>>> print(open('entry.csv').read())   # CSV, C-alpha atoms
chain,number,residue,atom,x,y,z
A,40,MET,CA,181.7,153.2,-91.4
A,41,ARG,CA,184.3,155.9,-91.6
A,42,GLU,CA,183.4,159.6,-91.5
A,43,PRO,CA,185.3,162.5,-93.1
A,44,VAL,CA,187.7,164.4,-90.9
A,45,MET,CA,189.0,167.9,-91.6
A,46,ARG,CA,192.8,167.9,-91.7
A,47,ARG,CA,195.0,170.9,-91.8
A,48,THR,CA,197.6,170.7,-94.6
A,49,ARG,CA,201.1,172.3,-94.6
A,50,PHE,CA,199.6,175.2,-96.6
A,51,GLY,CA,196.9,175.9,-93.9
A,52,ARG,CA,194.0,174.6,-96.0
A,53,LEU,CA,191.4,172.2,-94.6
A,54,ASN,CA,191.1,169.0,-96.6
A,55,SER,CA,188.7,166.2,-96.0
A,56,VAL,CA,190.3,162.8,-95.3
A,57,GLN,CA,189.0,159.5,-94.1
A,58,ALA,CA,189.6,158.5,-90.5
A,59,PRO,CA,187.9,156.3,-88.0
A,60,ALA,CA,185.0,157.9,-86.3
A,61,ARG,CA,186.0,159.2,-82.9
A,62,HIS,CA,184.1,161.4,-80.4
A,63,LEU,CA,186.0,164.3,-79.0
A,64,SER,CA,184.3,166.0,-76.1
A,65,PRO,CA,181.3,167.5,-74.4
A,66,LEU,CA,178.9,168.5,-77.2
A,67,ALA,CA,181.8,167.0,-79.1
A,68,LYS,CA,183.1,170.3,-77.6
A,69,ALA,CA,181.2,171.9,-80.4
A,70,LEU,CA,182.8,170.1,-83.2
A,71,SER,CA,179.5,168.5,-84.1
A,72,LEU,CA,177.9,171.9,-83.9
A,73,LEU,CA,180.5,173.3,-86.3
A,74,GLY,CA,180.0,170.3,-88.6
A,75,ILE,CA,183.6,169.3,-88.6
A,76,CYS,CA,186.1,167.3,-86.6
A,77,SER,CA,189.7,168.4,-86.3
A,78,ALA,CA,192.5,166.0,-87.2
A,79,LEU,CA,194.8,165.8,-84.3
A,80,ILE,CA,198.5,165.0,-84.5
A,81,LEU,CA,200.7,164.7,-81.4
A,82,ALA,CA,204.1,166.4,-81.4
A,83,ALA,CA,206.9,167.3,-79.0
A,84,PRO,CA,205.9,169.7,-76.2
A,85,VAL,CA,206.8,173.4,-76.6
A,86,GLN,CA,207.6,176.0,-74.1
A,87,ALA,CA,205.0,178.4,-72.8
A,88,ALA,CA,204.1,181.0,-75.4
A,89,ALA,CA,204.4,184.7,-74.8
A,90,ALA,CA,202.3,187.4,-76.6
A,91,ASP,CA,204.2,189.9,-78.7
A,92,ALA,CA,203.6,192.7,-81.0
A,93,ALA,CA,202.3,190.3,-83.7
A,94,THR,CA,199.6,188.8,-81.4
A,95,VAL,CA,196.3,188.4,-83.1
A,96,TYR,CA,193.3,189.2,-80.8
A,97,SER,CA,189.8,187.9,-81.0
A,98,ILE,CA,187.5,190.2,-83.0
A,99,GLU,CA,185.0,192.2,-81.0
A,100,SER,CA,181.5,191.5,-82.0
A,101,PRO,CA,178.1,192.3,-80.5
A,102,LYS,CA,176.9,188.9,-81.8
A,103,ALA,CA,179.4,187.0,-79.6
A,104,VAL,CA,176.8,186.7,-76.8
A,105,SER,CA,174.5,184.8,-79.1
A,106,GLY,CA,177.2,182.8,-80.9
A,107,LEU,CA,178.6,179.4,-80.0
A,108,LEU,CA,179.8,179.3,-76.4
A,109,LEU,CA,181.1,176.1,-74.8
A,110,ASP,CA,181.7,176.7,-71.1
A,111,ILE,CA,180.8,179.1,-68.3
A,112,ALA,CA,182.1,179.6,-64.8
A,113,HIS,CA,182.1,181.9,-61.8
A,114,ALA,CA,185.0,184.3,-61.1
A,115,GLY,CA,183.6,185.3,-57.7
A,116,LYS,CA,180.3,187.1,-58.4
A,117,ARG,CA,181.3,187.6,-62.1
A,118,LEU,CA,180.2,185.2,-64.8
A,119,VAL,CA,182.7,184.3,-67.5
A,120,ALA,CA,182.0,182.3,-70.7
A,121,VAL,CA,184.2,181.0,-73.5
A,122,GLY,CA,183.6,179.8,-77.1
A,123,ASP,CA,184.1,180.2,-80.8
A,124,ARG,CA,186.7,182.5,-82.4
A,125,GLY,CA,188.5,183.1,-79.1
A,126,HIS,CA,185.5,184.9,-77.7
A,127,ILE,CA,185.5,185.3,-73.9
A,128,LEU,CA,182.7,187.3,-72.3
A,129,PHE,CA,182.0,188.4,-68.8
A,130,SER,CA,179.0,189.7,-66.9
A,131,ASP,CA,178.7,191.5,-63.6
A,132,ASP,CA,174.9,191.5,-63.5
A,133,ALA,CA,174.0,187.8,-63.4
A,134,GLY,CA,174.1,187.4,-67.2
A,135,LYS,CA,171.9,190.2,-68.2
A,136,ASN,CA,174.7,192.2,-69.9
A,137,TRP,CA,178.0,190.9,-71.2
A,138,VAL,CA,181.3,192.5,-72.0
A,139,GLN,CA,183.8,191.0,-74.5
A,140,ALA,CA,187.3,190.4,-73.0
A,141,ARG,CA,190.6,191.2,-74.7
A,142,VAL,CA,191.8,187.8,-75.8
A,143,PRO,CA,195.0,186.9,-77.7
A,144,SER,CA,193.4,184.1,-79.7
A,145,ARG,CA,190.9,183.4,-82.5
A,146,GLN,CA,190.7,179.7,-81.8
A,147,LEU,CA,187.7,177.7,-80.5
A,148,LEU,CA,188.0,177.8,-76.7
A,149,THR,CA,186.5,174.7,-75.1
A,150,ALA,CA,186.7,175.0,-71.3
A,151,LEU,CA,187.7,177.3,-68.4
A,152,TYR,CA,188.3,177.1,-64.7
A,153,PHE,CA,188.7,179.7,-61.9
A,154,VAL,CA,190.3,179.1,-58.6
A,155,ASP,CA,189.2,182.4,-57.1
A,156,ASP,CA,187.7,185.7,-58.2
A,157,LYS,CA,190.8,186.7,-60.1
A,158,HIS,CA,192.8,183.7,-61.4
A,159,GLY,CA,191.4,181.6,-64.2
A,160,TRP,CA,192.5,179.5,-67.2
A,161,ALA,CA,190.9,178.7,-70.6
A,162,VAL,CA,191.9,176.0,-73.1
A,163,GLY,CA,191.1,175.3,-76.7
A,164,HIS,CA,192.3,174.4,-80.1
A,165,ASP,CA,196.0,174.5,-81.1
A,166,ALA,CA,196.6,173.3,-77.6
A,167,GLN,CA,196.2,176.8,-76.4
A,168,ILE,CA,196.1,177.7,-72.7
A,169,LEU,CA,195.1,181.3,-71.8
A,170,ALA,CA,195.3,182.9,-68.3
A,171,THR,CA,193.7,185.8,-66.5
A,172,ASP,CA,194.6,187.5,-63.2
A,173,ASP,CA,191.8,190.1,-63.2
A,174,GLY,CA,188.7,188.0,-63.2
A,175,GLY,CA,188.5,187.5,-66.9
A,176,ALA,CA,188.7,191.0,-68.3
A,177,ASN,CA,192.1,190.5,-69.9
A,178,TRP,CA,193.9,187.3,-70.9
A,179,THR,CA,197.4,186.2,-71.8
A,180,LEU,CA,198.5,183.3,-73.9
A,181,GLN,CA,200.5,180.9,-71.6
A,182,TYR,CA,201.0,178.0,-73.9
A,183,GLU,CA,200.3,176.7,-77.4
A,184,ASP,CA,201.5,173.9,-79.7
A,185,LEU,CA,200.7,174.7,-83.3
A,186,SER,CA,202.3,171.5,-84.6
A,187,ARG,CA,200.2,169.3,-82.4
A,188,GLU,CA,197.0,170.5,-84.1
A,189,ALA,CA,195.1,169.0,-81.2
A,190,PRO,CA,192.6,170.8,-79.0
A,191,LEU,CA,192.7,170.8,-75.2
A,192,LEU,CA,189.3,170.0,-74.0
A,193,ASP,CA,189.2,170.6,-70.2
A,194,VAL,CA,191.2,172.2,-67.5
A,195,TRP,CA,191.3,172.0,-63.7
A,196,PHE,CA,193.3,173.7,-60.9
A,197,ARG,CA,193.8,172.8,-57.3
A,198,ASP,CA,195.1,176.2,-56.4
A,199,ALA,CA,196.8,179.1,-58.1
A,200,ASN,CA,199.9,177.0,-58.8
A,201,LEU,CA,198.9,173.3,-59.5
A,202,GLY,CA,196.8,172.6,-62.5
A,203,TYR,CA,196.1,170.1,-65.3
A,204,ALA,CA,194.7,170.3,-68.9
A,205,VAL,CA,193.5,167.3,-70.8
A,206,GLY,CA,192.8,166.9,-74.5
A,207,ALA,CA,192.8,164.9,-77.7
A,208,TYR,CA,194.9,161.9,-78.3
A,209,GLY,CA,195.6,161.4,-74.6
A,210,ALA,CA,197.1,164.8,-73.9
A,211,LEU,CA,197.7,165.5,-70.2
A,212,LEU,CA,199.6,168.7,-69.3
A,213,GLU,CA,200.7,169.8,-65.9
A,214,THR,CA,201.8,173.1,-64.3
A,215,THR,CA,203.1,173.7,-60.8
A,216,ASP,CA,203.8,177.4,-61.2
A,217,GLY,CA,200.4,178.8,-62.2
A,218,GLY,CA,201.1,178.2,-65.9
A,219,LYS,CA,204.4,179.9,-66.3
A,220,SER,CA,205.5,176.6,-67.6
A,221,TRP,CA,203.5,173.5,-68.8
A,222,ASN,CA,204.9,170.0,-69.0
A,223,ASP,CA,203.5,167.1,-71.0
A,224,VAL,CA,202.9,164.3,-68.5
A,225,SER,CA,200.7,162.2,-70.8
A,226,ASP,CA,202.9,159.1,-70.1
A,227,ARG,CA,201.6,159.0,-66.5
A,228,LEU,CA,198.4,157.5,-67.9
A,229,ASP,CA,198.1,153.9,-69.2
A,230,ASN,CA,196.7,155.1,-72.5
A,231,GLU,CA,198.6,153.3,-75.3
A,232,ASP,CA,195.8,153.8,-77.8
A,233,GLY,CA,195.9,157.6,-77.2
A,234,PHE,CA,192.2,157.9,-76.4
A,235,HIS,CA,190.9,161.4,-76.3
A,236,LEU,CA,190.6,162.8,-72.8
A,237,ASN,CA,187.4,164.8,-72.6
A,238,GLY,CA,187.0,165.8,-68.9
A,239,ILE,CA,188.8,166.2,-65.6
A,240,THR,CA,187.2,166.8,-62.2
A,241,ALA,CA,188.0,166.7,-58.5
A,242,VAL,CA,186.1,164.1,-56.3
A,243,LYS,CA,185.6,165.1,-52.6
A,244,ASP,CA,188.0,163.4,-50.2
A,245,ALA,CA,189.3,161.1,-53.0
A,246,GLY,CA,191.3,162.8,-55.8
A,247,LEU,CA,191.1,163.5,-59.5
A,248,PHE,CA,189.1,161.7,-62.2
A,249,VAL,CA,189.6,161.8,-65.9
A,250,VAL,CA,187.2,160.4,-68.6
A,251,GLY,CA,187.4,160.1,-72.3
A,252,GLU,CA,186.9,158.2,-75.5
A,253,GLN,CA,185.6,154.6,-75.6
A,254,GLY,CA,184.7,154.7,-71.9
A,255,SER,CA,188.2,155.3,-70.8
A,256,MET,CA,188.6,156.3,-67.1
A,257,TYR,CA,191.6,157.2,-64.9
A,258,ARG,CA,191.8,158.2,-61.3
A,259,SER,CA,194.5,159.8,-59.1
A,260,ALA,CA,194.5,159.6,-55.3
A,261,ASP,CA,197.5,162.0,-55.1
A,262,TRP,CA,196.2,164.8,-57.2
A,263,GLY,CA,197.8,164.0,-60.5
A,264,GLN,CA,201.2,162.5,-59.6
A,265,THR,CA,200.2,158.9,-60.3
A,266,TRP,CA,197.2,157.5,-62.2
A,267,GLU,CA,195.3,154.2,-62.2
A,268,ARG,CA,193.2,153.0,-65.1
A,269,VAL,CA,189.7,152.2,-64.1
A,270,GLN,CA,187.4,149.6,-65.6
A,271,GLY,CA,184.3,151.5,-66.5
A,272,PRO,CA,180.7,150.4,-67.1
A,273,TYR,CA,180.4,151.8,-70.7
A,274,GLU,CA,182.4,151.4,-73.9
A,275,GLY,CA,181.1,154.6,-75.6
A,276,SER,CA,182.6,158.0,-75.3
A,277,LEU,CA,182.3,159.8,-72.0
A,278,PHE,CA,182.3,163.6,-72.3
A,279,GLY,CA,182.7,164.6,-68.7
A,280,ALA,CA,182.7,163.9,-65.0
A,281,VAL,CA,181.5,165.8,-62.0
A,282,GLY,CA,182.0,165.4,-58.3
A,283,THR,CA,179.2,165.8,-55.7
A,284,VAL,CA,178.9,167.1,-52.1
A,285,ASN,CA,179.4,163.5,-50.9
A,286,ALA,CA,182.8,162.0,-50.3
A,287,ASN,CA,184.1,159.6,-53.0
A,288,THR,CA,181.0,160.2,-55.1
A,289,LEU,CA,181.0,161.3,-58.8
A,290,LEU,CA,179.0,161.0,-62.0
A,291,VAL,CA,180.2,160.4,-65.5
A,292,TYR,CA,178.2,161.1,-68.7
A,293,GLY,CA,178.4,160.8,-72.4
A,294,LEU,CA,176.7,159.6,-75.6
A,295,ARG,CA,173.0,158.9,-75.9
A,296,GLY,CA,172.1,160.0,-72.4
A,297,ASN,CA,174.4,157.5,-70.7
A,298,LEU,CA,174.9,158.6,-67.1
A,299,PHE,CA,176.6,156.6,-64.3
A,300,ARG,CA,177.2,157.2,-60.6
A,301,SER,CA,179.9,155.9,-58.3
A,302,THR,CA,180.1,156.2,-54.5
A,303,ASP,CA,183.6,154.6,-54.2
A,304,PHE,CA,185.8,156.7,-56.5
A,305,GLY,CA,185.0,154.6,-59.5
A,306,LYS,CA,185.3,151.1,-58.2
A,307,THR,CA,181.7,150.3,-58.9
A,308,TRP,CA,179.0,152.0,-60.9
A,309,GLN,CA,175.2,152.4,-61.1
A,310,GLN,CA,173.5,153.5,-64.3
A,311,ILE,CA,171.1,156.4,-63.7
A,312,LYS,CA,168.0,156.1,-65.9
A,313,LEU,CA,166.9,159.3,-67.5
A,314,VAL,CA,163.3,159.8,-68.7
A,315,ALA,CA,162.0,162.8,-70.5
A,316,ASP,CA,158.4,163.7,-71.4
A,317,ASN,CA,158.5,161.5,-74.5
A,318,GLY,CA,160.4,158.5,-73.1
A,319,PRO,CA,164.1,157.6,-72.3
A,320,LEU,CA,166.5,160.4,-72.9
A,321,GLU,CA,168.9,159.6,-75.8
A,322,PHE,CA,170.6,163.0,-76.3
A,323,GLY,CA,174.3,163.2,-75.7
A,324,LEU,CA,175.3,164.9,-72.4
A,325,ALA,CA,177.9,167.6,-72.7
A,326,ASN,CA,178.7,169.3,-69.4
A,327,ALA,CA,177.8,169.5,-65.7
A,328,SER,CA,178.1,171.8,-62.7
A,329,LEU,CA,178.0,171.3,-59.0
A,330,LEU,CA,176.0,174.4,-57.9
A,331,LYS,CA,176.6,176.4,-54.7
A,332,ASP,CA,173.6,174.8,-53.0
A,333,GLY,CA,174.9,171.3,-53.6
A,334,ASN,CA,172.5,170.5,-56.5
A,335,LEU,CA,173.8,169.0,-59.7
A,336,VAL,CA,172.9,170.2,-63.2
A,337,ILE,CA,173.9,168.4,-66.5
A,338,VAL,CA,173.2,169.8,-69.9
A,339,GLY,CA,173.5,168.4,-73.5
A,340,HIS,CA,172.1,168.1,-77.0
A,341,GLY,CA,168.5,168.8,-77.8
A,342,GLY,CA,168.3,171.5,-75.1
A,343,SER,CA,168.5,168.8,-72.4
A,344,VAL,CA,168.7,170.0,-68.8
A,345,LEU,CA,169.0,167.4,-66.0
A,346,SER,CA,168.7,168.5,-62.3
A,347,SER,CA,169.4,166.6,-59.1
A,348,SER,CA,169.0,167.6,-55.5
A,349,ASP,CA,170.1,164.3,-54.0
A,350,ALA,CA,173.8,164.1,-55.0
A,351,GLY,CA,173.0,162.5,-58.4
A,352,ARG,CA,170.8,159.6,-57.2
A,353,THR,CA,167.9,160.8,-59.3
A,354,PHE,CA,167.4,163.5,-61.9
A,355,SER,CA,164.5,165.5,-63.3
A,356,VAL,CA,164.8,166.0,-67.1
A,357,ILE,CA,163.5,168.6,-69.5
A,358,ASN,CA,164.2,169.4,-73.1
A,359,ARG,CA,164.0,173.1,-73.7
A,360,ALA,CA,161.5,174.2,-76.4
A,361,ASP,CA,164.1,175.6,-78.8
A,362,ARG,CA,166.1,172.3,-78.7
A,363,ALA,CA,169.3,174.3,-79.0
A,364,SER,CA,172.3,172.1,-77.9
A,365,LEU,CA,173.8,173.2,-74.6
A,366,ALA,CA,177.5,173.0,-73.6
A,367,GLY,CA,177.8,174.6,-70.2
A,368,VAL,CA,175.8,175.6,-67.1
A,369,THR,CA,176.1,177.5,-63.8
A,370,ASP,CA,173.7,179.4,-61.6
A,371,ASP,CA,173.2,182.9,-60.4
A,372,ALA,CA,172.7,184.2,-56.8
A,373,GLY,CA,168.9,183.7,-57.2
A,374,GLY,CA,169.2,180.1,-58.2
A,375,ASN,CA,168.4,180.6,-61.9
A,376,LEU,CA,170.5,178.7,-64.4
A,377,ILE,CA,172.8,180.4,-66.9
A,378,LEU,CA,173.1,178.2,-69.9
A,379,VAL,CA,175.5,178.5,-72.8
A,380,GLY,CA,175.7,176.5,-76.1
A,381,GLN,CA,174.6,176.7,-79.7
A,382,ALA,CA,172.5,179.8,-79.1
A,383,GLY,CA,174.9,181.7,-76.9
A,384,VAL,CA,173.8,182.7,-73.4
A,385,GLN,CA,170.4,181.9,-72.1
A,386,ILE,CA,168.9,182.5,-68.7
A,387,ALA,CA,166.6,179.8,-67.4
A,388,SER,CA,164.6,178.8,-64.3
A,389,PRO,CA,166.2,176.5,-61.7
A,390,THR,CA,164.8,173.5,-63.7
A,391,GLY,CA,166.1,174.8,-67.0
A,392,ALA,CA,162.8,175.9,-68.3
A,393,GLU,CA,162.2,179.5,-69.6
A,394,PRO,CA,161.8,182.0,-66.7
A,395,GLY,CA,158.3,182.0,-65.4
A,396,GLN,CA,157.4,178.6,-66.9
A,397,GLN,CA,156.4,175.8,-64.5
A,398,GLN,CA,158.1,172.5,-65.3
>>> encode(input="entry.csv", output="C-alpha cells")
Amino acid sequence: MREPVMRRTRFGRLNSVQAPARHLSPLAKALSLLGICSALILAAPVQAAAADAATVYSIESPKAVSGLLLDIAHAGKRLVAVGDRGHILFSDDAGKNWVQARVPSRQLLTALYFVDDKHGWAVGHDAQILATDDGGANWTLQYEDLSREAPLLDVWFRDANLGYAVGAYGALLETTDGGKSWNDVSDRLDNEDGFHLNGITAVKDAGLFVVGEQGSMYRSADWGQTWERVQGPYEGSLFGAVGTVNANTLLVYGLRGNLFRSTDFGKTWQQIKLVADNGPLEFGLANASLLKDGNLVIVGHGGSVLSSSDAGRTFSVINRADRASLAGVTDDAGGNLILVGQAGVQIASPTGAEPGQQQ
C-alpha cells in the first residue's frame, strides 16, 4: 500500500504524489503530526550559507511555547527548544518562562545539540544548519541546500569544531571547523539504498552510532572517519539511539514501542519489553535523553514516557493523560522533566506524570 507524499514543484506548490511509505524520524520528526511527509531529493552539496539583508526570520509569536516543538537541550543552565516555523525558545528559569530567539529561518527545525553553555547547532528542513555562540539567544544560518529538499534530522558535536548532521536519504554531513564549512560525507556509509538516517549518538568508550530507516545501523570507532554497517535486530524504522553511563552500552528505539539494548557497541542486542497500564506499549518512540544523574528517559507518541535508573535494563512506563505526542525531553536542576512535542512545553514529575501526581 502506498501513501501520498507531499512534493514541492518548481513553482513552490505542494502536490500530492504516490511514493513508497517511508518513515522519517523521531515522531516522524513531526511529519506525522503535521499530517504530511516531505518528498526528498538528493542534490550536489552547496557551500555554507551566509545571512544577508534579505534573510527571512521566524515570526515572533506568544503561541510558540504551546506550538509544535521537536527537541530540547541544555545550554549550561539554560533550556533551549526548537520546532515548527523556525521557532527557537530559551528559558533561564527551568522552563517556567520562555523567550523566543532571533532565528533566520521559518523551516521546521528537528533537532539541536550544545557542546557547552554557548555553542550550539540546530538542524531542519531544506537541509538547514543553524548555529549560536551566545547560548541560543541569537542564531546564524551556516548551511542550507534548497535543491536537496530533504530535512536533516539529527546533529551531534564532539567539541566546538568536529560535528555531524544526519538526515533523509542517507545524508551525512561533517564539519571540522565548527560549521564554517560543511562537507557531504554520505559515501562513508554502506547505504546504497539511501535509507533515511534518523539519529546519531555517542557511546561511552566506543564511538558514534547512527540509526535509521528499515532498521539500518552504522557505527564508527574513530568518531566518524570510517563506518561499519551493523546487522540489527529489527527491520522496522529506528528513530533514535542513546548512550548510557556504561561503556559500550546503548539503546535504539523506533516504531510500535520497539526498544533494544546492546552492551557491546551493537554486536548483540536484547529486546526490552515495555508494559504500560493497559498492556504492552505499542506507541512509536521518538527521542531520548541521558540525564545528569545517569538515568534514561525516552518519550514518544500517545504521551509515552519511559524512565530507567539501571542504564536501560528495565523501564517504568506511563502514558500521560492528555496523550499528546512527545518529541523531546530533558530535566531541570530539581529532577523534574521538561517535555516538548505536539502541545509545546510541558513540565512533569521525574516519572513523566503531572507535577504532584503519584505514578
>>> closest_residue(input="entry.csv", among="A:Ile311, A:Leu320, A:Val368, A:Ala170", to="A:Val336", atoms="all atoms listed in the file")
A:Val368
>>> atom_distance(input="entry.csv", atom1="atom CA of A:Asp193", atom2="atom CA of A:Ala150")
5.2 Å
>>> residues_around(input="entry.csv", residues="A:Leu330", least_positions_apart="6", cutoff="9 Å", atoms="all atoms listed in the file", output="PyMOL selection string")
chain A and resi 336+369-370+374
>>> closest_residue(input="entry.csv", among="A:Ala133, A:Val344, A:Ala176, A:Ile111", to="A:Ile386", atoms="only C-alpha atoms")
A:Ala133
>>> closest_residue(input="entry.csv", among="A:Tyr208, A:Gln270, A:Thr240, A:Ile168", to="A:Phe196", atoms="all atoms listed in the file")
A:Thr240
>>> closest_atom_pairs(input="entry.csv", of="stretch 109-193 of chain A", to="stretch 377-382 of chain A", cutoff="12 Å", atoms="only C-alpha atoms", output="JSON lines")
{"residue": "A:Leu109", "atom": "CA", "partner": "A:Gly380", "partner_atom": "CA", "distance": 5.6}
{"residue": "A:Asp110", "atom": "CA", "partner": "A:Val379", "partner_atom": "CA", "distance": 6.7}
{"residue": "A:Ile111", "atom": "CA", "partner": "A:Val379", "partner_atom": "CA", "distance": 7.0}
{"residue": "A:Ala112", "atom": "CA", "partner": "A:Ile377", "partner_atom": "CA", "distance": 9.6}
{"residue": "A:His113", "atom": "CA", "partner": "A:Ile377", "partner_atom": "CA", "distance": 10.7}
{"residue": "A:Leu118", "atom": "CA", "partner": "A:Ile377", "partner_atom": "CA", "distance": 9.1}
{"residue": "A:Val119", "atom": "CA", "partner": "A:Val379", "partner_atom": "CA", "distance": 10.7}
{"residue": "A:Ala120", "atom": "CA", "partner": "A:Val379", "partner_atom": "CA", "distance": 7.8}
{"residue": "A:Val121", "atom": "CA", "partner": "A:Val379", "partner_atom": "CA", "distance": 9.1}
{"residue": "A:Gly122", "atom": "CA", "partner": "A:Gly380", "partner_atom": "CA", "distance": 8.6}
{"residue": "A:Asp123", "atom": "CA", "partner": "A:Gln381", "partner_atom": "CA", "distance": 10.2}
{"residue": "A:Leu128", "atom": "CA", "partner": "A:Val379", "partner_atom": "CA", "distance": 11.4}
{"residue": "A:Ser130", "atom": "CA", "partner": "A:Ile377", "partner_atom": "CA", "distance": 11.2}
{"residue": "A:Asp132", "atom": "CA", "partner": "A:Ile377", "partner_atom": "CA", "distance": 11.8}
{"residue": "A:Ala133", "atom": "CA", "partner": "A:Ile377", "partner_atom": "CA", "distance": 8.3}
{"residue": "A:Gly134", "atom": "CA", "partner": "A:Ile377", "partner_atom": "CA", "distance": 7.1}
{"residue": "A:Lys135", "atom": "CA", "partner": "A:Ile377", "partner_atom": "CA", "distance": 9.9}
{"residue": "A:Thr149", "atom": "CA", "partner": "A:Gly380", "partner_atom": "CA", "distance": 11.0}
{"residue": "A:Ala150", "atom": "CA", "partner": "A:Val379", "partner_atom": "CA", "distance": 11.8}
>>> closest_residue(input="entry.csv", among="A:Gly206, A:Gly218, A:Pro190, A:Gly341", to="A:Leu169", atoms="only C-alpha atoms")
A:Gly218
>>> closest_residue(input="entry.csv", among="A:Ser144, A:Ser225, A:Thr288, A:Thr283", to="A:Trp266", atoms="all atoms listed in the file")
A:Ser225
>>> closest_residue(input="entry.csv", among="A:Asp165, A:Asp229, A:Trp262, A:Phe354", to="A:Asp198", atoms="all atoms listed in the file")
A:Trp262
>>> atom_distance(input="entry.csv", atom1="atom CA of A:Gln253", atom2="atom CA of A:Gly233")
10.8 Å
>>> residues_around(input="entry.csv", residues="A:Gln139", least_positions_apart="3", cutoff="8 Å", atoms="all atoms listed in the file", output="list in words")
Glu99, Ser100, Ala103, His126, Ile127, Leu128, Phe129 and Ala176 of chain A
>>> atom_distance(input="entry.csv", atom1="atom CA of A:Met256", atom2="atom CA of A:Arg268")
6.0 Å
>>> residues_around(input="entry.csv", residues="A:Val205", least_positions_apart="3", cutoff="9 Å", atoms="only C-alpha atoms", output="list in words")
Pro190, Leu191, Leu192, Asp193, Val194, Trp195, Gly209, Ala210, Leu211, Leu212, Ser225, His235, Leu236, Asn237, Gly238, Ile239 and Val249 of chain A
>>> residues_around(input="entry.csv", residues="A:Thr302", least_positions_apart="4", cutoff="10 Å", atoms="only C-alpha atoms", output="JSON, numbers by chain")
{"A": [283, 285, 286, 287, 288, 289, 290, 306, 307, 308, 309]}
>>> residues_around(input="entry.csv", residues="A:Arg145", least_positions_apart="4", cutoff="8 Å", atoms="all atoms listed in the file", output="PyMOL selection string")
chain A and resi 95-98+123-126
>>> build_atoms(input="entry.csv", residues="stretch 340-353 of chain A", atoms="N, CA, C and O atoms", output="mmCIF file, in the coordinates of the input")
data_model
loop_
_atom_site.group_PDB
_atom_site.id
_atom_site.type_symbol
_atom_site.label_atom_id
_atom_site.label_comp_id
_atom_site.auth_asym_id
_atom_site.auth_seq_id
_atom_site.Cartn_x
_atom_site.Cartn_y
_atom_site.Cartn_z
ATOM 1 N N HIS A 340 172.749 167.893 -75.691
ATOM 2 C CA HIS A 340 172.100 168.100 -77.000
ATOM 3 C C HIS A 340 170.574 168.189 -76.796
ATOM 4 O O HIS A 340 170.014 167.729 -75.790
ATOM 5 N N GLY A 341 169.924 168.760 -77.805
ATOM 6 C CA GLY A 341 168.500 168.800 -77.800
ATOM 7 C C GLY A 341 167.916 169.703 -76.689
ATOM 8 O O GLY A 341 166.740 169.572 -76.332
ATOM 9 N N GLY A 342 168.727 170.609 -76.144
ATOM 10 C CA GLY A 342 168.300 171.500 -75.100
ATOM 11 C C GLY A 342 168.032 170.718 -73.763
ATOM 12 O O GLY A 342 167.256 171.168 -72.904
ATOM 13 N N SER A 343 168.703 169.579 -73.581
ATOM 14 C CA SER A 343 168.500 168.800 -72.400
ATOM 15 C C SER A 343 169.062 169.435 -71.141
ATOM 16 O O SER A 343 170.214 169.879 -71.146
ATOM 17 N N VAL A 344 168.258 169.484 -70.071
ATOM 18 C CA VAL A 344 168.700 170.000 -68.800
ATOM 19 C C VAL A 344 168.272 168.973 -67.715
ATOM 20 O O VAL A 344 167.089 168.677 -67.559
ATOM 21 N N LEU A 345 169.254 168.429 -66.984
ATOM 22 C CA LEU A 345 169.000 167.400 -66.000
ATOM 23 C C LEU A 345 169.358 168.051 -64.603
ATOM 24 O O LEU A 345 170.438 168.621 -64.442
ATOM 25 N N SER A 346 168.460 167.928 -63.631
ATOM 26 C CA SER A 346 168.700 168.500 -62.300
ATOM 27 C C SER A 346 168.530 167.469 -61.230
ATOM 28 O O SER A 346 167.621 166.632 -61.268
ATOM 29 N N SER A 347 169.431 167.542 -60.229
ATOM 30 C CA SER A 347 169.400 166.600 -59.100
ATOM 31 C C SER A 347 169.630 167.336 -57.802
ATOM 32 O O SER A 347 170.558 168.138 -57.692
ATOM 33 N N SER A 348 168.793 167.031 -56.819
ATOM 34 C CA SER A 348 169.000 167.600 -55.500
ATOM 35 C C SER A 348 169.362 166.554 -54.460
ATOM 36 O O SER A 348 169.392 166.834 -53.258
ATOM 37 N N ASP A 349 169.716 165.340 -54.935
ATOM 38 C CA ASP A 349 170.100 164.300 -54.000
ATOM 39 C C ASP A 349 171.446 163.665 -54.390
ATOM 40 O O ASP A 349 171.634 162.455 -54.358
ATOM 41 N N ALA A 350 172.376 164.546 -54.738
ATOM 42 C CA ALA A 350 173.800 164.100 -55.000
ATOM 43 C C ALA A 350 173.834 163.167 -56.217
ATOM 44 O O ALA A 350 174.713 162.316 -56.273
ATOM 45 N N GLY A 351 172.893 163.281 -57.152
ATOM 46 C CA GLY A 351 173.000 162.500 -58.400
ATOM 47 C C GLY A 351 172.272 161.157 -58.321
ATOM 48 O O GLY A 351 172.405 160.369 -59.270
ATOM 49 N N ARG A 352 171.532 160.851 -57.271
ATOM 50 C CA ARG A 352 170.800 159.600 -57.200
ATOM 51 C C ARG A 352 169.680 159.557 -58.249
ATOM 52 O O ARG A 352 169.430 158.541 -58.908
ATOM 53 N N THR A 353 168.977 160.685 -58.361
ATOM 54 C CA THR A 353 167.900 160.800 -59.300
ATOM 55 C C THR A 353 167.958 162.179 -59.978
ATOM 56 O O THR A 353 168.534 163.129 -59.413
#
